[in-house]
>>> print(open('run.txt').read())   # compact mmCIF, C-alpha atoms and all ligand atoms
# COMPACT_ATOMS: atom_id res chain seq x y z
CA MET C 1 0.00 0.00 0.00
CA ALA C 2 1.18 3.51 -0.73
CA ASP C 3 1.57 5.86 2.16
CA GLU C 4 -0.70 8.88 2.42
CA PRO C 5 2.07 11.28 1.32
CA GLY C 6 2.04 9.44 -2.04
CA ILE C 7 -1.70 10.02 -2.37
CA THR C 8 -1.35 13.61 -1.17
CA GLY C 9 1.44 14.32 -3.65
CA ALA C 10 -0.48 12.79 -6.54
CA ALA C 11 -3.62 14.71 -5.57
CA ALA C 12 -1.61 17.95 -5.54
CA VAL C 13 -0.41 17.27 -9.09
CA LEU C 14 -3.93 16.49 -10.32
CA ARG C 15 -5.34 19.57 -8.58
CA THR C 16 -3.01 21.97 -10.36
CA ALA C 17 -2.67 20.22 -13.74
CA ARG C 18 -4.60 21.75 -16.63
CA ARG C 19 -5.02 18.53 -18.61
CA VAL C 20 -4.65 15.04 -17.18
CA LEU C 21 -4.70 11.83 -19.22
CA ALA C 22 -5.14 8.38 -17.69
CA PHE C 23 -3.44 5.40 -19.34
CA THR C 24 -4.70 2.02 -18.19
CA GLY C 25 -3.89 -1.64 -18.72
CA ALA C 26 -5.01 -5.07 -17.62
CA GLY C 27 -4.20 -4.40 -13.96
CA ILE C 28 -7.21 -2.13 -13.57
CA SER C 29 -9.63 -4.86 -14.68
CA VAL C 30 -8.24 -7.83 -12.74
CA ALA C 31 -10.52 -7.05 -9.80
CA SER C 32 -13.46 -7.20 -12.23
CA GLY C 33 -12.61 -10.80 -13.10
CA ILE C 34 -10.94 -10.07 -16.44
CA PRO C 35 -7.81 -12.25 -16.71
CA PRO C 36 -4.60 -10.42 -17.70
CA PHE C 37 -2.38 -11.64 -20.54
CA ARG C 38 0.86 -11.37 -18.63
CA GLY C 39 2.09 -12.39 -15.22
CA GLU C 40 1.84 -15.54 -13.17
CA ASP C 41 -1.80 -16.39 -13.97
CA GLY C 42 -1.82 -14.58 -17.30
CA LEU C 43 -3.44 -16.00 -20.41
CA TRP C 44 -0.06 -16.40 -22.09
CA THR C 45 0.92 -19.05 -19.56
CA ARG C 46 -1.86 -21.18 -21.11
CA PHE C 47 -2.16 -19.96 -24.68
CA ASP C 48 0.10 -19.00 -27.53
CA PRO C 49 -0.16 -15.32 -28.58
CA SER C 50 -0.41 -16.42 -32.23
CA SER C 51 -3.91 -17.69 -31.46
CA LEU C 52 -4.88 -14.01 -31.41
CA ALA C 53 -3.59 -13.17 -34.88
CA LEU C 54 -5.89 -12.05 -37.68
CA ASP C 55 -4.44 -14.77 -39.93
CA THR C 56 -5.39 -17.41 -37.37
CA PHE C 57 -8.88 -15.95 -37.13
CA LEU C 58 -9.38 -15.92 -40.90
CA ASP C 59 -8.04 -19.48 -41.27
CA ASP C 60 -10.78 -20.91 -39.07
CA PRO C 61 -13.27 -18.33 -37.74
CA ALA C 62 -15.38 -20.93 -35.91
CA ALA C 63 -12.40 -22.27 -33.95
CA ALA C 64 -11.13 -18.74 -33.34
CA TRP C 65 -14.52 -17.69 -31.98
CA ARG C 66 -14.63 -20.65 -29.59
CA PHE C 67 -11.23 -19.54 -28.31
CA LEU C 68 -12.27 -15.86 -28.07
CA ASN C 69 -15.40 -16.91 -26.25
CA GLU C 70 -13.46 -18.90 -23.69
CA ILE C 71 -10.74 -16.37 -22.92
CA PHE C 72 -12.67 -13.10 -23.37
CA TYR C 73 -16.42 -13.29 -23.68
CA LEU C 74 -17.23 -15.72 -20.88
CA PRO C 75 -15.26 -13.70 -18.27
CA LEU C 76 -16.73 -10.47 -19.71
CA ALA C 77 -20.30 -11.71 -19.28
CA GLY C 78 -19.96 -11.63 -15.49
CA ALA C 79 -17.74 -8.55 -15.27
CA ALA C 80 -18.74 -5.17 -13.84
CA PRO C 81 -16.71 -1.99 -13.38
CA ASN C 82 -14.78 -1.91 -10.10
CA PRO C 83 -13.99 1.05 -7.78
CA ALA C 84 -10.91 1.94 -9.85
CA HIS C 85 -12.94 2.36 -13.06
CA ARG C 86 -15.53 4.36 -11.13
CA ALA C 87 -12.90 6.60 -9.55
CA LEU C 88 -11.60 7.56 -13.01
CA ALA C 89 -15.16 8.28 -14.15
CA SER C 90 -15.68 10.54 -11.13
CA LEU C 91 -12.42 12.37 -11.88
CA GLU C 92 -13.66 13.05 -15.40
CA ARG C 93 -17.07 14.23 -14.16
CA ALA C 94 -15.32 16.62 -11.77
CA GLY C 95 -13.27 18.08 -14.62
CA ARG C 96 -9.99 16.64 -13.28
CA LEU C 97 -9.42 14.14 -16.09
CA ALA C 98 -9.51 14.92 -19.81
CA ALA C 99 -9.66 11.34 -21.10
CA VAL C 100 -8.78 7.71 -20.55
CA ALA C 101 -6.55 5.89 -23.03
CA THR C 102 -6.79 2.17 -22.41
CA GLN C 103 -5.16 -0.99 -23.70
CA ASN C 104 -8.11 -3.00 -22.41
CA VAL C 105 -10.80 -4.38 -24.69
CA ASP C 106 -13.38 -5.04 -21.97
CA GLY C 107 -15.35 -1.79 -22.26
CA LEU C 108 -15.42 -1.36 -18.47
CA HIS C 109 -14.33 2.30 -18.51
CA ARG C 110 -17.40 3.24 -20.54
CA ALA C 111 -19.57 0.98 -18.40
CA ALA C 112 -18.32 2.89 -15.34
CA GLY C 113 -19.39 6.19 -16.88
CA SER C 114 -16.17 7.50 -18.46
CA ARG C 115 -17.12 9.52 -21.55
CA ARG C 116 -13.84 10.19 -23.35
CA VAL C 117 -12.24 6.76 -23.75
CA HIS C 118 -9.61 5.96 -26.37
CA GLU C 119 -9.61 2.18 -26.79
CA LEU C 120 -6.21 1.59 -28.37
CA HIS C 121 -6.78 -2.14 -28.83
CA GLY C 122 -10.43 -1.82 -29.82
CA THR C 123 -13.33 -3.34 -27.95
CA LEU C 124 -14.98 -6.73 -27.53
CA ARG C 125 -18.34 -4.99 -27.36
CA ARG C 126 -18.55 -4.19 -31.06
CA LEU C 127 -18.49 -6.68 -33.91
CA ARG C 128 -17.70 -5.98 -37.54
CA CYS C 129 -18.76 -7.91 -40.62
CA LEU C 130 -15.84 -9.29 -42.63
CA ALA C 131 -17.93 -9.04 -45.81
CA CYS C 132 -19.84 -5.73 -45.67
CA GLU C 133 -17.98 -3.94 -42.82
CA ALA C 134 -21.23 -3.22 -40.95
CA VAL C 135 -20.59 -2.68 -37.25
CA SER C 136 -23.00 -3.99 -34.64
CA ALA C 137 -23.15 -4.00 -30.87
CA LEU C 138 -22.34 -7.26 -29.13
CA ALA C 139 -25.60 -6.86 -27.22
CA ASP C 140 -27.52 -6.88 -30.54
CA SER C 141 -25.71 -9.75 -32.23
CA GLY C 142 -25.18 -12.07 -29.30
CA LEU C 143 -22.94 -15.11 -29.37
CA GLY C 144 -25.62 -17.79 -29.37
CA GLU C 145 -24.07 -19.36 -32.44
CA LEU C 146 -20.38 -19.32 -33.26
CA PRO C 147 -19.19 -17.78 -35.43
CA PRO C 148 -21.78 -14.98 -35.20
CA THR C 149 -23.02 -13.75 -38.56
CA CYS C 150 -24.10 -10.42 -40.01
CA ARG C 151 -27.82 -9.63 -39.94
CA LEU C 152 -27.50 -7.65 -43.15
CA CYS C 153 -25.52 -9.98 -45.40
CA GLY C 154 -24.85 -13.21 -43.50
CA GLY C 155 -21.09 -12.63 -43.48
CA ILE C 156 -18.93 -13.73 -40.57
CA LEU C 157 -18.47 -11.16 -37.79
CA ARG C 158 -15.18 -10.42 -36.10
CA PRO C 159 -14.68 -8.67 -32.76
CA GLU C 160 -13.56 -5.09 -33.19
CA ILE C 161 -10.38 -5.74 -31.25
CA VAL C 162 -6.87 -5.30 -32.56
CA PHE C 163 -5.33 -8.66 -33.35
CA PHE C 164 -1.60 -9.01 -32.80
CA ASP C 165 -0.78 -8.60 -36.46
CA GLU C 166 -2.83 -5.40 -36.80
CA GLY C 167 -2.06 -1.76 -36.03
CA LEU C 168 -3.65 0.17 -33.17
CA ALA C 169 -7.31 1.15 -33.55
CA GLU C 170 -8.12 4.48 -35.17
CA PRO C 171 -9.08 7.15 -34.32
CA ALA C 172 -8.15 5.93 -30.81
CA ARG C 173 -4.43 5.94 -31.61
CA SER C 174 -4.24 9.46 -33.03
CA ASP C 175 -6.61 10.84 -30.35
CA ALA C 176 -4.66 9.19 -27.52
CA PHE C 177 -1.24 10.32 -28.72
CA ALA C 178 -2.53 13.85 -29.31
CA ALA C 179 -3.93 13.82 -25.76
CA ALA C 180 -0.60 12.54 -24.43
CA ALA C 181 1.30 15.29 -26.25
CA GLY C 182 -1.07 17.90 -24.83
CA CYS C 183 -1.38 16.78 -21.20
CA ASP C 184 0.63 18.08 -18.28
CA ALA C 185 0.10 15.00 -16.12
CA ILE C 186 -0.42 11.36 -17.02
CA LEU C 187 -1.85 8.81 -14.62
CA VAL C 188 -0.47 5.37 -15.54
CA VAL C 189 -2.54 2.57 -14.00
CA GLY C 190 -2.16 -1.19 -14.05
CA THR C 191 0.17 -1.63 -16.99
CA SER C 192 3.64 -3.09 -17.38
CA GLY C 193 4.46 -0.79 -20.28
CA GLU C 194 5.79 -3.71 -22.29
CA VAL C 195 3.11 -3.87 -24.98
CA LEU C 196 4.14 -1.69 -27.90
CA PRO C 197 3.27 0.59 -29.54
CA ALA C 198 0.50 1.43 -27.02
CA GLY C 199 3.06 1.45 -24.22
CA LEU C 200 4.82 4.42 -25.81
CA LEU C 201 2.01 6.76 -24.72
CA PRO C 202 3.53 7.79 -21.34
CA TRP C 203 6.86 8.40 -23.09
CA THR C 204 5.14 10.83 -25.45
CA ALA C 205 3.57 12.62 -22.48
CA ALA C 206 6.86 12.78 -20.57
CA GLU C 207 8.74 14.11 -23.61
CA GLN C 208 6.37 17.07 -23.56
CA GLY C 209 7.09 17.67 -19.90
CA ALA C 210 4.10 15.92 -18.31
CA THR C 211 4.36 14.67 -14.74
CA VAL C 212 4.08 10.87 -14.65
CA ILE C 213 2.09 9.38 -11.78
CA GLU C 214 2.13 5.59 -11.73
CA ILE C 215 -0.12 3.17 -9.84
CA ASN C 216 1.05 -0.44 -10.10
CA THR C 217 1.37 -3.41 -7.77
CA VAL C 218 4.98 -3.93 -8.91
CA PRO C 219 7.46 -1.60 -10.64
CA SER C 220 7.07 -1.47 -14.43
CA ALA C 221 9.07 -0.49 -17.50
CA TYR C 222 8.15 3.12 -16.62
CA THR C 223 9.05 3.22 -12.94
CA GLU C 224 12.78 3.78 -13.12
CA PRO C 225 13.23 5.87 -16.27
CA LEU C 226 9.99 7.84 -16.39
CA THR C 227 7.82 7.89 -13.28
CA ASP C 228 7.82 10.97 -11.04
CA LEU C 229 5.43 9.61 -8.40
CA PHE C 230 5.13 5.85 -7.90
CA LEU C 231 2.18 4.68 -5.83
CA GLN C 232 2.60 0.97 -5.17
CA GLY C 233 -0.61 -0.95 -4.67
CA SER C 234 -3.79 -2.03 -6.39
CA ALA C 235 -5.76 0.40 -8.51
CA THR C 236 -8.98 -0.53 -6.70
CA ALA C 237 -7.44 0.54 -3.39
CA LEU C 238 -5.53 3.62 -4.53
CA LEU C 239 -7.67 5.34 -7.18
CA PRO C 240 -10.70 5.79 -4.87
CA ARG C 241 -8.36 7.23 -2.22
CA LEU C 242 -6.91 9.59 -4.80
CA ALA C 243 -10.41 10.72 -5.81
CA ALA C 244 -11.29 11.16 -2.12
CA ALA C 245 -8.14 13.27 -1.59
CA LEU C 246 -9.48 15.58 -4.31
CA ASP C 247 -12.71 15.92 -2.32
CA LEU C 248 -14.74 14.23 -5.02
CA ALA C 249 -18.04 12.66 -4.11
CA PRO C 250 -17.72 8.88 -3.82
CA PRO C 251 -18.65 7.19 -7.08
CA PRO C 252 -22.04 5.49 -7.22
CA ALA C 253 -22.10 1.91 -5.97
CA GLU C 254 -22.52 -0.97 -8.41
ZN ZN E 301 -22.41 -7.97 -43.46
>>> encode(input="run.txt", output="structure tokens", more="lines below")
Ligand SMILES: [Zn+2]
Amino acid sequence: MADEPGITGAAAVLRTARRVLAFTGAGISVASGIPPFRGEDGLWTRFDPSSLALDTFLDDPAAAWRFLNEIFYLPLAGAAPNPAHRALASLERAGRLAAVATQNVDGLHRAAGSRRVHELHGTLRRLRCLACEAVSALADSGLGELPPTCRLCGGILRPEIVFFDEGLAEPARSDAFAAAAGCDAILVVGTSGEVLPAGLLPWTAAEQGATVIEINTVPSAYTEPLTDLFLQGSATALLPRLAAALDLAPPPAE
């Protein structure tokens, strides 16, 4: 757990900053039951990353969808935003946070009430037709049959996530990097900083002189070279305390 001076120092930065960007990774969603890719219990201890390549998906969409369902959609079905997601939403409502840039594909920032969310790796909650490009909400299509098919043309749907052999989602990438270049503080939460190019975002912010506040359970690729204020602990414990230190009303309960 971070000491209170860490919280107090971070709150002081957020109070005086003109534009603050949050940059989040898998660590913020672990408490919501979304398994991370990396680390001891990460998905990559059980699966090969190539199973999340577009080529693999196109080779056998039905098999790929069964895999996606197991690792992503089943955990997502029972997942709700946690106090860390809600704390970021309350910071935005209070005018203390300009936007959230996230590497997560779970949609939990929006579910928590965050309005400006740049989803660098796309989202599981939208599906796109491989044939006609029509985009539909997961809630409308459903995953009753795999692979799910397009209501308009019958084509196979893909999740609107970024597969490993694809570039970052647009306009999320350009919006997020513009926000990083224009912020004077960046709040890095629950990310190792090892996934590129998304992980470059805090570097862009720091190059422009932004103060880097980091909340992670263990030091990351940012801690030594980049971070100004390191708050060690879980996002669900620390972000609500940070919001409270800014005298924000507690976020609504689930
Ligand atoms: Zn279609």
>>> closest_residue(input="run.txt", among="C:Ala26, C:Phe163, C:Leu143, C:Asn82", to="Pro49 (chain C)", atoms="all atoms listed in the file")
C:Phe163
>>> residues_near_ligand(input="run.txt", ligand="ligand ZN 301 (chain E)", cutoff="6 Å", atoms="only C-alpha atoms and all ligand atoms", output="number ranges by chain")
C: 129, 131-132, 134, 150, 152-155
>>> residues_around(input="run.txt", residues="Leu168 (chain C)", least_positions_apart="3", cutoff="7 Å", atoms="only C-alpha atoms", output="NGL selection string")
:C and (120-121 or 162 or 173)
>>> atom_distance(input="run.txt", atom1="CA of Thr56 (chain C)", atom2="CA of Thr24 (chain C)")
27.3 Å
>>> closest_residue(input="run.txt", among="C:Arg18, C:Arg241, C:Arg46, C:Arg158", to="Arg86 (chain C)", atoms="only C-alpha atoms")
C:Arg241
>>> residues_around(input="run.txt", residues="region 224-227 of chain C", least_positions_apart="2", cutoff="10 Å", atoms="all atoms listed in the file", output="PyMOL selection string")
chain C and resi 186-188+202-203+206-207+211-215+219-222+229-231
>>> write_last_selection(input="run.txt", atoms="C-alpha atoms", output="PDB file, in the frame of the given file")
ATOM      1  CA  ILE C 186      -0.420  11.360 -17.020  1.00  0.00           C
ATOM      2  CA  LEU C 187      -1.850   8.810 -14.620  1.00  0.00           C
ATOM      3  CA  VAL C 188      -0.470   5.370 -15.540  1.00  0.00           C
ATOM      4  CA  PRO C 202       3.530   7.790 -21.340  1.00  0.00           C
ATOM      5  CA  TRP C 203       6.860   8.400 -23.090  1.00  0.00           C
ATOM      6  CA  ALA C 206       6.860  12.780 -20.570  1.00  0.00           C
ATOM      7  CA  GLU C 207       8.740  14.110 -23.610  1.00  0.00           C
ATOM      8  CA  THR C 211       4.360  14.670 -14.740  1.00  0.00           C
ATOM      9  CA  VAL C 212       4.080  10.870 -14.650  1.00  0.00           C
ATOM     10  CA  ILE C 213       2.090   9.380 -11.780  1.00  0.00           C
ATOM     11  CA  GLU C 214       2.130   5.590 -11.730  1.00  0.00           C
ATOM     12  CA  ILE C 215      -0.120   3.170  -9.840  1.00  0.00           C
ATOM     13  CA  PRO C 219       7.460  -1.600 -10.640  1.00  0.00           C
ATOM     14  CA  SER C 220       7.070  -1.470 -14.430  1.00  0.00           C
ATOM     15  CA  ALA C 221       9.070  -0.490 -17.500  1.00  0.00           C
ATOM     16  CA  TYR C 222       8.150   3.120 -16.620  1.00  0.00           C
ATOM     17  CA  LEU C 229       5.430   9.610  -8.400  1.00  0.00           C
ATOM     18  CA  PHE C 230       5.130   5.850  -7.900  1.00  0.00           C
ATOM     19  CA  LEU C 231       2.180   4.680  -5.830  1.00  0.00           C
TER      20      LEU C 231
END
>>> closest_residue(input="run.txt", among="C:Arg151, C:Arg110, C:Arg125, C:Arg66", to="Pro81 (chain C)", atoms="only C-alpha atoms")
C:Arg110
>>> closest_residue(input="run.txt", among="C:Gly27, C:Ala243, C:Ala89, C:Thr149", to="Arg15 (chain C)", atoms="all atoms listed in the file")
C:Ala243
>>> atom_distance(input="run.txt", atom1="CA of Ser114 (chain C)", atom2="CA of Glu92 (chain C)")
6.8 Å
>>> atom_distance(input="run.txt", atom1="CA of Thr8 (chain C)", atom2="CA of Asp184 (chain C)")
17.8 Å
>>> closest_residue(input="run.txt", among="C:Thr217, C:Ser51, C:Ser29, C:Gln103", to="Gly233 (chain C)", atoms="all atoms listed in the file")
C:Thr217
>>> closest_residue(input="run.txt", among="C:Ala101, C:Leu108, C:Ala235, C:Leu52", to="Leu201 (chain C)", atoms="all atoms listed in the file")
C:Ala101
>>> residues_near_point(input="run.txt", point="(-5.5, 8.7, -31.0)", cutoff="12 Å", atoms="all atoms listed in the file", output="ChimeraX atom specification")
/C:99-102,116-122,168-182,198,201
>>> residues_around(input="run.txt", residues="Leu248 (chain C)", least_positions_apart="4", cutoff="12 Å", atoms="all atoms listed in the file", output="ChimeraX atom specification")
/C:11,15,86-96,239-244,252
>>> decode(input="run.txt", residues="region 138-151 of chain C", atoms="all heavy atoms", output="mmCIF file, in the first residue's frame")
data_model
loop_
_atom_site.group_PDB
_atom_site.id
_atom_site.type_symbol
_atom_site.label_atom_id
_atom_site.label_comp_id
_atom_site.auth_asym_id
_atom_site.auth_seq_id
_atom_site.Cartn_x
_atom_site.Cartn_y
_atom_site.Cartn_z
ATOM 1 N N LEU C 138 -22.318 -5.878 -29.617
ATOM 2 C CA LEU C 138 -22.340 -7.258 -29.127
ATOM 3 C C LEU C 138 -23.718 -7.600 -28.564
ATOM 4 O O LEU C 138 -24.251 -8.684 -28.794
ATOM 5 C CB LEU C 138 -21.275 -7.426 -28.037
ATOM 6 C CG LEU C 138 -21.291 -8.736 -27.254
ATOM 7 C CD1 LEU C 138 -20.960 -9.909 -28.162
ATOM 8 C CD2 LEU C 138 -20.314 -8.672 -26.084
ATOM 9 N N ALA C 139 -24.298 -6.627 -27.856
ATOM 10 C CA ALA C 139 -25.598 -6.858 -27.223
ATOM 11 C C ALA C 139 -26.665 -7.181 -28.265
ATOM 12 O O ALA C 139 -27.614 -7.912 -27.981
ATOM 13 C CB ALA C 139 -25.995 -5.632 -26.412
ATOM 14 N N ASP C 140 -26.516 -6.639 -29.489
ATOM 15 C CA ASP C 140 -27.517 -6.885 -30.537
ATOM 16 C C ASP C 140 -27.283 -8.209 -31.252
ATOM 17 O O ASP C 140 -28.230 -8.890 -31.633
ATOM 18 C CB ASP C 140 -27.492 -5.746 -31.566
ATOM 19 C CG ASP C 140 -27.926 -4.427 -30.945
ATOM 20 O OD1 ASP C 140 -28.633 -4.474 -29.918
ATOM 21 O OD2 ASP C 140 -27.545 -3.379 -31.477
ATOM 22 N N SER C 141 -26.010 -8.540 -31.475
ATOM 23 C CA SER C 141 -25.707 -9.749 -32.233
ATOM 24 C C SER C 141 -25.800 -10.993 -31.355
ATOM 25 O O SER C 141 -26.367 -12.003 -31.746
ATOM 26 C CB SER C 141 -24.302 -9.665 -32.829
ATOM 27 O OG SER C 141 -24.188 -8.542 -33.654
ATOM 28 N N GLY C 142 -25.215 -10.905 -30.164
ATOM 29 C CA GLY C 142 -25.180 -12.071 -29.296
ATOM 30 C C GLY C 142 -24.201 -13.105 -29.820
ATOM 31 O O GLY C 142 -23.728 -13.017 -30.947
ATOM 32 N N LEU C 143 -23.880 -14.062 -28.970
ATOM 33 C CA LEU C 143 -22.943 -15.107 -29.368
ATOM 34 C C LEU C 143 -23.597 -16.475 -29.204
ATOM 35 O O LEU C 143 -22.960 -17.452 -28.825
ATOM 36 C CB LEU C 143 -21.661 -15.012 -28.528
ATOM 37 C CG LEU C 143 -20.862 -13.712 -28.675
ATOM 38 C CD1 LEU C 143 -19.654 -13.715 -27.752
ATOM 39 C CD2 LEU C 143 -20.427 -13.493 -30.123
ATOM 40 N N GLY C 144 -24.890 -16.528 -29.506
ATOM 41 C CA GLY C 144 -25.619 -17.787 -29.370
ATOM 42 C C GLY C 144 -25.067 -18.854 -30.293
ATOM 43 O O GLY C 144 -24.993 -20.029 -29.941
ATOM 44 N N GLU C 145 -24.691 -18.431 -31.498
ATOM 45 C CA GLU C 145 -24.067 -19.364 -32.436
ATOM 46 C C GLU C 145 -22.707 -18.833 -32.823
ATOM 47 O O GLU C 145 -22.545 -17.636 -33.056
ATOM 48 C CB GLU C 145 -24.931 -19.492 -33.699
ATOM 49 C CG GLU C 145 -26.034 -20.522 -33.565
ATOM 50 C CD GLU C 145 -26.802 -20.683 -34.865
ATOM 51 O OE1 GLU C 145 -26.161 -20.742 -35.932
ATOM 52 O OE2 GLU C 145 -28.042 -20.735 -34.800
ATOM 53 N N LEU C 146 -21.729 -19.724 -32.888
ATOM 54 C CA LEU C 146 -20.378 -19.320 -33.264
ATOM 55 C C LEU C 146 -19.986 -19.978 -34.584
ATOM 56 O O LEU C 146 -20.186 -21.173 -34.743
ATOM 57 C CB LEU C 146 -19.382 -19.715 -32.166
ATOM 58 C CG LEU C 146 -19.620 -19.057 -30.793
ATOM 59 C CD1 LEU C 146 -18.597 -19.547 -29.777
ATOM 60 C CD2 LEU C 146 -19.587 -17.536 -30.897
ATOM 61 N N PRO C 147 -19.423 -19.217 -35.533
ATOM 62 C CA PRO C 147 -19.193 -17.781 -35.430
ATOM 63 C C PRO C 147 -20.489 -16.992 -35.616
ATOM 64 O O PRO C 147 -21.373 -17.440 -36.353
ATOM 65 C CB PRO C 147 -18.229 -17.508 -36.593
ATOM 66 C CG PRO C 147 -18.559 -18.548 -37.609
ATOM 67 C CD PRO C 147 -18.955 -19.760 -36.825
ATOM 68 N N PRO C 148 -20.599 -15.822 -34.976
ATOM 69 C CA PRO C 148 -21.775 -14.980 -35.198
ATOM 70 C C PRO C 148 -21.767 -14.431 -36.621
ATOM 71 O O PRO C 148 -20.698 -14.245 -37.204
ATOM 72 C CB PRO C 148 -21.593 -13.852 -34.173
ATOM 73 C CG PRO C 148 -20.126 -13.798 -33.921
ATOM 74 C CD PRO C 148 -19.612 -15.206 -34.087
ATOM 75 N N THR C 149 -22.945 -14.215 -37.172
ATOM 76 C CA THR C 149 -23.018 -13.748 -38.560
ATOM 77 C C THR C 149 -23.797 -12.438 -38.662
ATOM 78 O O THR C 149 -24.594 -12.096 -37.792
ATOM 79 C CB THR C 149 -23.684 -14.801 -39.467
ATOM 80 O OG1 THR C 149 -24.913 -15.200 -38.861
ATOM 81 C CG2 THR C 149 -22.788 -16.012 -39.647
ATOM 82 N N CYS C 150 -23.549 -11.746 -39.758
ATOM 83 C CA CYS C 150 -24.103 -10.416 -40.012
ATOM 84 C C CYS C 150 -25.598 -10.506 -40.328
ATOM 85 O O CYS C 150 -26.011 -11.319 -41.155
ATOM 86 C CB CYS C 150 -23.351 -9.795 -41.183
ATOM 87 S SG CYS C 150 -23.942 -8.188 -41.706
ATOM 88 N N ARG C 151 -26.381 -9.652 -39.681
ATOM 89 C CA ARG C 151 -27.820 -9.627 -39.939
ATOM 90 C C ARG C 151 -28.140 -9.092 -41.329
ATOM 91 O O ARG C 151 -29.197 -9.367 -41.883
ATOM 92 C CB ARG C 151 -28.510 -8.726 -38.918
ATOM 93 C CG ARG C 151 -28.623 -9.353 -37.551
ATOM 94 C CD ARG C 151 -29.349 -8.413 -36.633
ATOM 95 N NE ARG C 151 -29.556 -9.006 -35.329
ATOM 96 C CZ ARG C 151 -30.244 -8.425 -34.362
ATOM 97 N NH1 ARG C 151 -30.801 -7.254 -34.566
ATOM 98 N NH2 ARG C 151 -30.389 -9.015 -33.199
#
